[in-house]
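This is start_22.cif (mmCIF, C-alpha atoms).
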data_protein
#
loop_
_atom_site.label_atom_id
_atom_site.label_comp_id
_atom_site.auth_asym_id
_atom_site.auth_seq_id
_atom_site.Cartn_x
_atom_site.Cartn_y
_atom_site.Cartn_z
CA MET I 28 135.31 67.29 107.05
CA ARG I 29 132.49 67.93 104.65
CA LEU I 30 129.14 68.95 106.13
CA VAL I 31 126.08 66.89 105.29
CA GLU I 32 123.77 68.86 103.00
CA ARG I 33 120.35 69.68 104.41
CA GLY I 34 117.54 69.25 101.91
CA PRO I 35 117.48 67.67 98.46
CA ARG I 36 118.70 69.25 95.26
CA ILE I 37 116.30 71.52 93.40
CA SER I 38 114.52 69.61 90.62
CA VAL I 39 114.36 70.80 87.01
CA LEU I 40 110.67 71.61 87.39
CA GLU I 41 111.24 73.60 90.58
CA ARG I 42 114.01 75.50 88.81
CA LEU I 43 111.62 76.37 85.98
CA PHE I 44 109.09 77.58 88.54
CA PHE I 45 111.68 79.86 90.13
CA GLU I 46 112.58 81.19 86.69
CA LEU I 47 108.91 81.91 85.94
CA LEU I 48 108.68 83.97 89.14
CA GLN I 49 111.89 85.78 88.21
CA VAL I 50 110.36 86.67 84.84
CA ALA I 51 107.26 87.97 86.65
CA ILE I 52 109.26 90.37 88.83
CA GLY I 53 111.59 91.46 86.02
CA ASN I 54 114.77 89.61 86.99
CA ARG I 55 114.96 87.59 83.77
CA SER I 56 113.31 87.68 80.33
CA SER I 57 112.63 84.02 79.50
CA LEU I 58 112.85 80.45 80.79
CA SER I 59 115.99 78.39 80.28
CA ALA I 60 113.88 75.71 78.56
CA THR I 61 110.36 75.56 77.10
CA PRO I 62 108.10 73.49 79.38
CA SER I 63 106.00 70.67 77.92
CA SER I 64 102.21 70.62 78.38
CA GLU I 65 102.60 68.30 81.37
CA GLU I 66 105.26 70.54 82.88
CA TRP I 67 103.05 73.61 82.46
CA LEU I 68 100.29 71.83 84.37
CA ALA I 69 102.78 71.05 87.12
CA LEU I 70 103.93 74.69 87.18
CA PHE I 71 100.31 75.79 87.48
CA ASP I 72 99.79 73.39 90.41
CA GLU I 73 102.94 74.65 92.13
CA ALA I 74 101.82 78.27 91.72
CA LYS I 75 98.49 77.29 93.28
CA LYS I 76 100.24 75.45 96.12
CA GLN I 77 102.33 78.53 96.90
CA SER I 78 99.38 80.98 96.46
CA LEU I 79 101.22 82.68 93.60
CA LEU I 80 98.84 82.05 90.70
CA GLY I 81 98.41 85.74 89.90
CA ILE I 82 102.10 86.56 90.17
CA ALA I 83 103.11 83.53 88.08
CA PHE I 84 100.61 84.56 85.37
CA CYS I 85 102.43 87.89 85.12
CA GLY I 86 105.48 85.78 84.30
CA VAL I 87 103.54 83.90 81.62
CA GLU I 88 102.46 87.19 80.01
CA ARG I 89 106.06 88.41 79.84
CA LEU I 90 107.46 85.24 78.26
CA PRO I 91 108.25 84.99 74.56
CA GLU I 92 105.16 83.62 72.79
CA ALA I 93 107.02 80.42 71.87
CA GLN I 94 107.26 79.52 75.59
CA TRP I 95 103.60 80.06 76.44
CA PRO I 96 101.41 77.19 77.71
CA GLU I 97 98.41 75.90 75.77
CA ARG I 98 95.48 78.26 75.27
CA SER I 99 93.13 76.20 77.46
CA LEU I 100 95.47 76.50 80.45
CA VAL I 101 95.98 80.23 79.81
CA LEU I 102 92.21 80.81 79.86
CA GLN I 103 91.80 78.74 83.04
CA TRP I 104 94.67 80.64 84.65
CA LEU I 105 93.18 83.98 83.59
CA GLY I 106 89.94 83.09 85.37
CA TYR I 107 91.82 82.69 88.65
CA VAL I 108 93.68 85.96 88.05
CA SER I 109 90.45 87.88 87.53
CA ALA I 110 89.06 86.57 90.81
CA ILE I 111 92.29 87.54 92.62
CA GLU I 112 92.12 91.09 91.26
CA GLN I 113 88.50 91.49 92.36
CA ARG I 114 89.29 90.19 95.85
CA ASN I 115 92.20 92.62 96.16
CA GLU I 116 89.92 95.55 95.38
CA LEU I 117 87.45 94.32 98.00
CA ALA I 118 90.17 93.77 100.61
CA THR I 119 91.62 97.26 100.14
CA SER I 120 88.18 98.86 100.40
CA VAL I 121 87.55 96.93 103.64
CA CYS I 122 90.91 98.15 105.01
CA HIS I 123 89.79 101.76 104.44
CA LEU I 124 86.41 101.03 106.00
CA LEU I 125 87.97 99.48 109.11
CA CYS I 126 90.55 102.23 109.58
CA ASN I 127 87.99 105.00 109.21
CA GLY I 128 85.62 103.33 111.66
CA LEU I 129 88.30 102.68 114.28
CA VAL I 130 89.64 106.24 114.11
CA ALA I 131 86.11 107.61 114.46
CA ASP I 132 85.70 105.44 117.59
CA GLY I 133 88.88 106.82 119.15
CA PHE I 134 91.48 104.19 118.25
CA ARG I 135 94.69 104.17 116.23
CA CYS I 136 95.32 101.35 113.80
CA CYS I 137 97.81 99.92 111.33
CA ILE I 138 97.35 97.45 108.48
CA LEU I 139 99.92 94.66 108.88
CA LYS I 140 101.38 92.62 106.02
CA GLY I 141 98.65 91.59 103.55
CA GLN I 142 97.27 94.67 101.85
CA ALA I 143 100.02 96.83 103.34
CA ASN I 144 102.47 94.99 101.08
CA LEU I 145 100.77 96.37 97.98
CA ALA I 146 102.76 99.55 98.53
CA TYR I 147 105.94 97.61 97.70
CA TYR I 148 104.63 96.07 94.45
CA ASP I 149 103.96 97.79 91.15
CA LYS I 150 100.24 98.11 90.47
CA VAL I 151 99.81 95.12 88.14
CA LEU I 152 101.76 92.70 90.33
CA GLY I 153 100.15 94.05 93.49
CA ASN I 154 96.63 93.58 92.16
CA ARG I 155 97.52 89.97 91.34
CA ARG I 156 98.97 89.18 94.73
CA THR I 157 96.77 86.57 96.42
CA CYS I 158 95.34 88.22 99.52
CA GLY I 159 94.24 86.36 102.61
CA ASP I 160 92.53 87.82 105.65
CA ILE I 161 92.99 91.40 106.84
CA ASP I 162 95.35 91.92 109.76
CA ILE I 163 94.95 95.22 111.59
CA TRP I 164 96.88 96.26 114.70
CA VAL I 165 94.69 98.37 116.99
CA VAL I 166 95.68 100.47 120.03
CA PRO I 167 93.82 103.09 122.08
CA GLY I 168 93.75 106.61 120.70
CA VAL I 169 95.63 107.99 123.70
CA ALA I 170 99.35 107.23 123.91
CA ASP I 171 100.52 105.49 127.11
CA ALA I 172 96.96 104.36 127.89
CA ALA I 173 96.65 102.02 130.87
CA HIS I 174 95.88 98.43 129.87
CA PRO I 175 95.71 99.03 126.09
CA VAL I 176 94.84 95.40 125.27
CA LYS I 177 91.98 95.52 127.76
CA GLN I 178 90.57 98.66 126.12
CA VAL I 179 90.70 97.16 122.64
CA LEU I 180 89.08 93.88 123.70
CA GLU I 181 86.36 95.58 125.70
CA TYR I 182 85.56 97.65 122.63
CA LEU I 183 85.37 94.52 120.44
CA TYR I 184 83.18 92.69 122.97
CA ARG I 185 80.82 95.68 123.20
CA LYS I 186 80.48 95.44 119.43
CA ALA I 187 79.79 91.68 119.80
CA ALA I 188 82.43 91.21 117.11
CA VAL I 189 84.75 88.58 118.63
CA LEU I 190 84.61 85.08 117.15
CA SER I 191 87.76 83.71 118.76
CA LEU I 192 90.65 85.03 120.80
CA CYS I 193 94.32 84.17 121.18
CA TYR I 194 97.35 85.92 122.65
CA LEU I 195 98.22 87.57 119.33
CA HIS I 196 94.86 88.62 117.93
CA ALA I 197 91.09 88.43 118.03
CA GLU I 198 89.30 86.97 115.05
CA VAL I 199 86.26 89.16 114.47
CA LYS I 200 83.18 88.90 112.30
CA PRO I 201 83.95 89.18 108.59
CA VAL I 202 83.47 92.56 106.97
CA ARG I 203 81.87 92.38 103.51
CA GLY I 204 82.88 88.73 103.43
CA MET I 205 86.54 89.43 104.25
CA PRO I 206 88.02 87.64 107.31
CA VAL I 207 89.53 90.12 109.78
CA GLU I 208 92.01 89.62 112.62
CA VAL I 209 92.48 92.46 115.10
CA HIS I 210 96.03 92.28 116.40
CA LEU I 211 96.50 93.08 120.07
CA ARG I 212 100.25 93.17 119.47
CA PRO I 213 102.15 93.03 116.15
CA SER I 214 103.62 89.56 116.76
CA PHE I 215 105.66 87.66 119.36
CA LEU I 216 108.56 85.31 119.95
CA ASN I 217 108.44 82.20 122.14
CA ALA I 218 111.62 82.93 124.12
CA PRO I 219 110.64 85.41 126.90
CA VAL I 220 113.70 87.67 126.65
CA ARG I 221 113.46 87.84 122.85
CA ASN I 222 109.73 88.51 123.09
CA ARG I 223 110.20 91.44 125.49
CA ARG I 224 112.79 92.94 123.16
CA PHE I 225 110.53 92.51 120.16
CA LEU I 226 107.49 94.13 121.81
CA LYS I 227 109.65 96.97 123.15
CA LEU I 228 110.65 97.81 119.56
CA PHE I 229 106.97 98.39 118.76
CA ALA I 230 106.02 100.07 122.05
CA ASP I 231 105.79 103.56 120.52
CA PHE I 232 102.96 103.16 118.02
CA ASP I 233 103.27 106.63 116.53
CA ARG I 234 106.96 106.14 115.82
CA CYS I 235 106.35 102.81 114.07
CA VAL I 236 103.37 103.76 111.88
CA TYR I 237 102.75 106.25 109.10
CA ASP I 238 100.29 106.75 106.23
CA LYS I 239 101.52 105.43 102.89
CA PRO I 240 99.90 105.68 99.44
CA VAL I 241 98.82 102.34 97.95
CA HIS I 242 98.82 102.95 94.18
CA ASP I 243 95.65 104.89 93.31
CA MET I 244 93.65 103.42 96.19
CA GLY I 245 94.33 106.16 98.74
CA THR I 246 96.58 105.92 101.79
CA LEU I 247 96.66 103.31 104.53
CA PRO I 248 98.39 103.37 107.93
CA VAL I 249 101.28 100.89 107.64
CA LEU I 250 104.51 100.13 109.46
CA ALA I 251 107.47 102.36 108.70
CA ILE I 252 109.82 100.35 106.53
CA ARG I 253 112.52 99.93 109.21
CA TYR I 254 110.01 98.25 111.51
CA ASP I 255 108.35 96.34 108.70
CA VAL I 256 111.65 94.65 107.81
CA LEU I 257 111.85 93.27 111.35
CA PHE I 258 108.13 92.55 111.66
CA GLN I 259 107.82 90.58 108.42
CA LEU I 260 111.04 88.69 109.13
CA ASN I 261 109.40 87.64 112.39
CA HIS I 262 106.12 86.92 110.57
CA ILE I 263 107.77 84.42 108.21
CA TYR I 264 109.72 82.93 111.11
CA ARG I 265 106.51 82.50 113.13
CA HIS I 266 104.75 80.74 110.27
CA LEU I 267 107.69 78.39 109.79
CA ILE I 268 107.69 77.39 113.46
CA ASP I 269 103.92 77.32 113.94
CA GLU I 270 102.50 75.69 110.82
CA GLY I 271 104.58 76.16 107.68
CA VAL I 272 105.30 78.96 105.26
CA GLY I 273 105.01 79.36 101.50
CA LEU I 274 106.68 81.46 98.83
CA ARG I 275 103.93 84.10 98.86
CA GLN I 276 105.27 85.51 102.14
CA VAL I 277 108.84 85.19 100.87
CA LEU I 278 107.99 87.20 97.74
CA ASP I 279 106.45 89.89 99.96
CA TYR I 280 109.78 90.07 101.79
CA TYR I 281 111.67 90.38 98.50
CA MET I 282 109.51 93.37 97.55
CA LEU I 283 109.96 94.85 101.01
CA LEU I 284 113.76 94.55 100.84
CA ARG I 285 113.78 96.09 97.38
CA ALA I 286 111.93 99.09 98.84
CA TRP I 287 114.27 99.06 101.86
CA HIS I 288 117.26 99.30 99.53
CA LYS I 289 115.84 102.56 98.13
CA GLU I 290 114.49 104.08 101.35
CA ARG I 291 116.67 102.75 104.15
CA THR I 292 116.82 105.03 107.19
CA ILE I 293 119.46 103.11 109.15
CA SER I 294 122.44 101.02 108.07
CA ASN I 295 122.31 97.28 107.46
CA GLU I 296 124.79 96.90 110.31
CA SER I 297 122.37 98.52 112.78
CA LEU I 298 119.54 96.37 111.46
CA ALA I 299 121.68 93.25 111.85
CA VAL I 300 122.29 94.14 115.51
CA GLU I 301 118.52 94.22 116.08
CA ILE I 302 118.06 90.89 114.30
CA GLU I 303 120.78 89.33 116.45
CA ARG I 304 119.20 90.68 119.65
CA LEU I 305 115.89 89.11 118.62
CA GLY I 306 117.51 85.72 118.04
CA MET I 307 116.59 85.59 114.35
CA MET I 308 120.02 85.91 112.74
CA ARG I 309 120.33 82.28 111.63
CA PHE I 310 116.86 82.41 110.14
CA ALA I 311 117.59 85.74 108.42
CA ARG I 312 120.70 84.26 106.78
CA ALA I 313 118.69 81.25 105.60
CA LEU I 314 116.00 83.51 104.19
CA MET I 315 118.56 85.56 102.26
CA TYR I 316 119.67 82.35 100.52
CA VAL I 317 116.06 81.46 99.63
CA LEU I 318 115.46 84.96 98.24
CA HIS I 319 118.61 84.69 96.14
CA GLU I 320 117.86 81.14 94.93
CA VAL I 321 114.17 81.61 94.13
CA PHE I 322 113.91 85.25 93.07
CA ALA I 323 117.52 85.96 92.03
CA MET I 324 117.66 88.74 94.61
CA PRO I 325 120.87 90.77 94.15
CA SER I 326 123.33 90.98 97.02
CA GLU I 327 122.77 94.72 97.54
CA TYR I 328 119.21 94.00 98.73
CA MET I 329 120.40 91.62 101.46
CA ILE I 330 120.26 92.83 105.04
CA VAL I 331 122.67 90.09 106.26
CA GLY I 332 124.92 87.55 104.57
CA MET I 333 123.26 84.35 103.37
CA SER I 334 123.79 80.82 104.68
CA GLU I 335 123.58 78.12 102.01
CA LYS I 336 123.37 75.27 104.51
CA GLU I 337 120.46 76.73 106.48
CA GLY I 338 118.92 78.19 103.34
CA ARG I 339 118.71 74.83 101.56
CA PHE I 340 116.94 73.38 104.59
CA LEU I 341 114.49 76.30 104.72
CA LEU I 342 113.77 76.11 100.99
CA CYS I 343 113.08 72.39 101.28
CA GLU I 344 110.54 73.10 104.05
CA ILE I 345 108.85 75.82 101.99
CA LEU I 346 108.52 73.61 98.91
CA GLN I 347 107.17 70.67 100.90
CA ALA I 348 104.72 72.57 103.09
CA GLY I 349 103.30 75.17 100.68
CA ASN I 350 101.21 78.14 101.77
CA PHE I 351 100.58 77.96 105.55
CA GLY I 352 101.75 74.33 105.54
CA GLN I 353 98.50 73.22 103.87
CA TYR I 354 100.30 70.74 101.60
CA ASP I 355 102.63 69.18 104.17
CA SER I 356 102.06 65.43 103.83
CA ARG I 357 104.11 64.85 106.99
CA MET I 358 101.37 66.42 109.14
CA ASN I 359 99.01 63.54 109.88
CA ARG I 360 95.32 64.37 110.17
CA LEU I 361 93.62 64.30 113.55
CA ASP I 362 90.51 62.13 113.84
CA VAL I 363 89.27 63.81 117.02
CA ARG I 364 86.59 66.47 116.57
CA LYS I 365 87.87 70.03 116.61
CA GLY I 366 87.21 71.91 119.86
CA LYS I 367 87.64 68.98 122.24
CA THR I 368 90.46 69.01 124.78
CA VAL I 369 91.87 65.80 123.31
CA TYR I 370 92.02 67.51 119.94
CA GLN I 371 93.96 70.42 121.39
CA LEU I 372 96.42 68.08 123.12
CA GLN I 373 96.95 65.96 120.01
CA ARG I 374 97.40 69.08 117.90
CA ALA I 375 99.97 70.46 120.35
CA TRP I 376 101.85 67.14 120.39
CA ARG I 377 101.83 66.99 116.57
CA ARG I 378 103.20 70.53 116.42
CA PHE I 379 105.95 69.72 118.91
CA LEU I 380 107.04 66.65 116.95
CA ARG I 381 107.05 68.72 113.76
CA ASN I 382 109.13 71.43 115.40
CA LEU I 383 111.83 68.97 116.43
CA ARG I 384 113.00 69.21 112.81
CA PHE I 385 113.97 72.80 113.53
CA PHE I 386 115.77 72.14 116.82
CA THR I 387 119.31 72.22 115.46
CA SER I 388 118.60 75.45 113.56
CA TYR I 389 116.38 77.35 115.99
CA PRO I 390 116.71 75.60 119.40
CA GLU I 391 115.58 78.57 121.48
CA GLU I 392 112.20 78.95 119.77
CA VAL I 393 111.57 75.19 119.67
CA LEU I 394 112.35 74.65 123.38
CA TRP I 395 110.25 77.60 124.53
CA GLU I 396 107.32 76.84 122.22
CA PRO I 397 105.38 74.45 124.55
CA ILE I 398 105.87 76.82 127.50
CA ALA I 399 104.71 79.81 125.48
CA ARG I 400 101.63 77.87 124.38
CA VAL I 401 100.69 77.15 128.00
CA GLU I 402 101.21 80.80 128.96
CA HIS I 403 99.03 81.92 126.06
CA LEU I 404 96.35 79.42 127.12
CA TRP I 405 96.34 80.76 130.70
CA TRP I 406 96.21 84.33 129.38
CA ARG I 407 93.05 83.50 127.44
CA LYS I 408 91.45 81.05 129.89
CA PHE I 409 91.77 83.30 132.94
CA ARG I 410 91.21 86.53 130.98
CA LEU I 411 94.55 87.94 132.12
CA TRP I 412 94.23 90.66 129.52
CA ARG I 413 91.96 92.47 132.00
CA PHE I 414 94.90 93.43 134.21
#
Represent the structure of the file as structure tokens.
Amino acid sequence: MRLVERGPRISVLERLFFELLQVAIGNRSSLSATPSSEEWLALFDEAKKQSLLGIAFCGVERLPEAQWPERSLVLQWLGYVSAIEQRNELATSVCHLLCNGLVADGFRCCILKGQANLAYYDKVLGNRRTCGDIDIWVVPGVADAAHPVKQVLEYLYRKAAVLSLCYLHAEVKPVRGMPVEVHLRPSFLNAPVRNRRFLKLFADFDRCVYDKPVHDMGTLPVLAIRYDVLFQLNHIYRHLIDEGVGLRQVLDYYMLLRAWHKERTISNESLAVEIERLGMMRFARALMYVLHEVFAMPSEYMIVGMSEKEGRFLLCEILQAGNFGQYDSRMNRLDVRKGKTVYQLQRAWRRFLRNLRFFTSYPEEVLWEPIARVEHLWWRKFRLWRF
């Protein structure tokens, strides 16, 4: 019996977009066809939707001149690229400023994803990676400190820095205009057993973190690559379940796996055991397919075998939702004012209905999601981090 395919076929335009990204990262030298002016505008819009304008422009620069878009679009594109490069310089400088300040105040810290990923890119591509906010994991300076989350939050409240708080992180006041999230834990999973296993992996901060050079911009404390492979797999998984995920995060994972292929410290088999224990194997197989389909990732970079069925479904979600799900037309807008209880309830209900699409693929995370949300609410409402 033939299985029903999940997700539509890739369109010609989407295929050209994938090829442009492959040119940018050096996996092909030209497009299979020269886009028309209208198609180039559509490719530009798709790069913007996926927060890959800078990376895609690297692809444009590497194309044969006969395949270039019109000069007006090139100049417009170049303006965006210049702004991205300037923001990257600012973000990296803020990372150094934050790390130096936290260490001076007796804490240990680690830059997660974002600017930490620059270490996996070459300098030109890295500088053109669209950066978002700064995510920094902070723990007390003393190992095995009692109530580490309490110590970090008390420090942030003494500084009057906290703007909002959730189970995962505290949003603090921007630094030099850059949004900053202080992570109280690297990430989480909705299913309790999986979550305990995940947090246990990152329990020894000093084992997980080391200083790594980021081009000519000094060193930053980042996750050791073995832990980063698991963390960023979880990060993409979380975004898919919570709001939507775009190709920017997927490209980060491609660059990470390319570095993993060169530096691996344990076997793929051992890594696969960890992924299975965390309940992310089906997602990992789907992601391997997306990496192969979009970026032409070779099989030797894969940490597990790919699943075409699940991968086609995941790719369809990525293309529909865009970066952080901002372009998902299936997510109806809420008319209730943000901050009201009714708004929170409607938002939770909308998220649950959205997540039902993922039930057959990731039933554990979908079923535990409402319960985890309530637990996280209680944790924040009753200030359970104090204990």
Using all atoms listed in the file, the best pick from I:Val300, I:Leu283, I:Met244, I:Val249 as closest to I:Lys150 would be I:Met244
I'd like a table as JSON lines: residues in stretch 301-404 of chain I with an atom no more than 6 Å from stretch 217-226 of chain I, each row giving the shortest atom pair and its distance in Å to one decimal, all atoms listed in the file counted, sorted by chain and rising residue number.
{"residue": "I:Leu305", "atom": "CA", "partner": "I:Arg221", "partner_atom": "CA", "distance": 5.0}
{"residue": "I:Glu392", "atom": "CA", "partner": "I:Asn217", "partner_atom": "CA", "distance": 5.5}
{"residue": "I:Trp395", "atom": "CA", "partner": "I:Asn217", "partner_atom": "CA", "distance": 5.5}
{"residue": "I:Glu396", "atom": "CA", "partner": "I:Asn217", "partner_atom": "CA", "distance": 5.5}
{"residue": "I:Ala399", "atom": "CA", "partner": "I:Asn217", "partner_atom": "CA", "distance": 5.5}
*Tell me which residues the PyMOL selection byres ((chain I and resi 411) around 12) grabs here, as a ChimeraX atom specification.*
/I:174,176-177,180,193-194,402-410,412-414
Hey, what's within 10 Å of I:Val331 if we count only C-alpha atoms and toss same-chain stuff fewer than 3 positions away? As an NGL selection string, please? :I and (295-296 or 298-299 or 302 or 308-309 or 311-315 or 326-328 or 334)
I'd like to see the residues matched by the PyMOL selection byres ((chain I and resi 152) around 9) on this file, and ideally I'd get them as a ChimeraX atom specification.
/I:51-52,81-82,85,145,148-151,153-156
So how far away is atom CA of I:Glu198 from atom CA of I:Ala110, in Å?
->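 Separation of atom CA of I:Ala110 and atom CA of I:Glu198: 24.2 Å.
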field: For atom CA of I:Cys158 and atom CA of I:Gly141, the interatomic separation in Å (one decimal)
entry: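 Atom CA of I:Gly141 lies 6.2 Å from atom CA of I:Cys158.
The two atoms in question, atom CA of I:Tyr237 and atom CA of I:Phe215, are spaced 21.4 Å apart.
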Could you expand the PyMOL selection byres ((chain I and resi 212) around 10) into the explicit residues it covers here, written as a PDB file with C-alpha atoms, in the frame of the given file?
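Here's the written file part.pdb:
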ATOM      1  CA  ILE I 163      94.950  95.220 111.590  1.00  0.00           C
ATOM      2  CA  TRP I 164      96.880  96.260 114.700  1.00  0.00           C
ATOM      3  CA  VAL I 165      94.690  98.370 116.990  1.00  0.00           C
ATOM      4  CA  VAL I 166      95.680 100.470 120.030  1.00  0.00           C
ATOM      5  CA  PRO I 175      95.710  99.030 126.090  1.00  0.00           C
ATOM      6  CA  VAL I 176      94.840  95.400 125.270  1.00  0.00           C
ATOM      7  CA  TYR I 194      97.350  85.920 122.650  1.00  0.00           C
ATOM      8  CA  LEU I 195      98.220  87.570 119.330  1.00  0.00           C
ATOM      9  CA  HIS I 196      94.860  88.620 117.930  1.00  0.00           C
ATOM     10  CA  VAL I 209      92.480  92.460 115.100  1.00  0.00           C
ATOM     11  CA  HIS I 210      96.030  92.280 116.400  1.00  0.00           C
ATOM     12  CA  LEU I 211      96.500  93.080 120.070  1.00  0.00           C
ATOM     13  CA  PRO I 213     102.150  93.030 116.150  1.00  0.00           C
ATOM     14  CA  SER I 214     103.620  89.560 116.760  1.00  0.00           C
ATOM     15  CA  PHE I 215     105.660  87.660 119.360  1.00  0.00           C
ATOM     16  CA  LEU I 226     107.490  94.130 121.810  1.00  0.00           C
ATOM     17  CA  PHE I 229     106.970  98.390 118.760  1.00  0.00           C
ATOM     18  CA  ALA I 230     106.020 100.070 122.050  1.00  0.00           C
TER      19      ALA I 230
END
- Quick one: of I:Trp67, I:Tyr316, I:Trp104, I:Trp95, who's nearest to I:Phe340, counting only C-alpha atoms?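 Using only C-alpha atoms, I:Phe340 sits closest to I:Tyr316.
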Among listed residues I:Arg89, I:His319, I:Arg42, I:Arg339, nearest I:Tyr281 (using all atoms listed in the file):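 For I:Tyr281, the nearest of the candidates is I:His319.
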In terms of only C-alpha atoms, the residue from I:Ala74, I:Leu274, I:Leu257, I:Ile268 at minimal distance from I:Leu380 is I:Ile268
Of I:Glu320, I:Asn115, I:Val87, I:Ala286, the one sitting nearest I:Leu102 when using only C-alpha atoms is I:Val87
List the spatial neighbours of I:Arg291 as a ChimeraX atom specification - criterion: any atom at most 10 Å away, all atoms listed in the file, same-chain residues fewer than 5 positions off excluded. /I:252-253,284-286
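Nearest-residue note for I:Leu267: choosing from I:Ala143, I:Ala187, I:Leu117, I:Leu341, the minimum distance belongs to I:Leu341, counting all atoms listed in the file.
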Using only the atoms of stretch 217-221 of chain I listed in the file, plus 5 Å on each side, state the axis-aligned box centre and edge lengths in Å rounded to one decimal, as AutoDock Vina command-line options.
--center_x 111.1 --center_y 85.0 --center_z 124.5 --size_x 15.3 --size_y 15.6 --size_z 14.8
What would the list of residues within 6 Å of (112.2, 89.4, 94.2) (file frame) look like as a short mmCIF file (atom, residue, chain, number, x, y, z; two decimals) with C-alpha atoms, keeping the file's coordinate frame, if all atoms listed in the file are what count?
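What ended up in part02.cif:
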data_model
loop_
_atom_site.label_atom_id
_atom_site.label_comp_id
_atom_site.auth_asym_id
_atom_site.auth_seq_id
_atom_site.Cartn_x
_atom_site.Cartn_y
_atom_site.Cartn_z
CA LEU I 278 107.99 87.20 97.74
CA TYR I 281 111.67 90.38 98.50
CA MET I 282 109.51 93.37 97.55
CA PHE I 322 113.91 85.25 93.07
CA MET I 324 117.66 88.74 94.61
#
Neighbour list for I:Ala323 as an NGL selection string, cut-off 10 Å, only C-alpha atoms, skip fewer than 5 positions in-chain:
:I and (45-46 or 48-49 or 52 or 54-55 or 281 or 316-318)
Just write the chosen residues, C-alpha atoms, as a PDB file, in the coordinates of the input.
ATOM      1  CA  PHE I  45     111.680  79.860  90.130  1.00  0.00           C
ATOM      2  CA  GLU I  46     112.580  81.190  86.690  1.00  0.00           C
ATOM      3  CA  LEU I  48     108.680  83.970  89.140  1.00  0.00           C
ATOM      4  CA  GLN I  49     111.890  85.780  88.210  1.00  0.00           C
ATOM      5  CA  ILE I  52     109.260  90.370  88.830  1.00  0.00           C
ATOM      6  CA  ASN I  54     114.770  89.610  86.990  1.00  0.00           C
ATOM      7  CA  ARG I  55     114.960  87.590  83.770  1.00  0.00           C
ATOM      8  CA  TYR I 281     111.670  90.380  98.500  1.00  0.00           C
ATOM      9  CA  TYR I 316     119.670  82.350 100.520  1.00  0.00           C
ATOM     10  CA  VAL I 317     116.060  81.460  99.630  1.00  0.00           C
ATOM     11  CA  LEU I 318     115.460  84.960  98.240  1.00  0.00           C
TER      12      LEU I 318
END
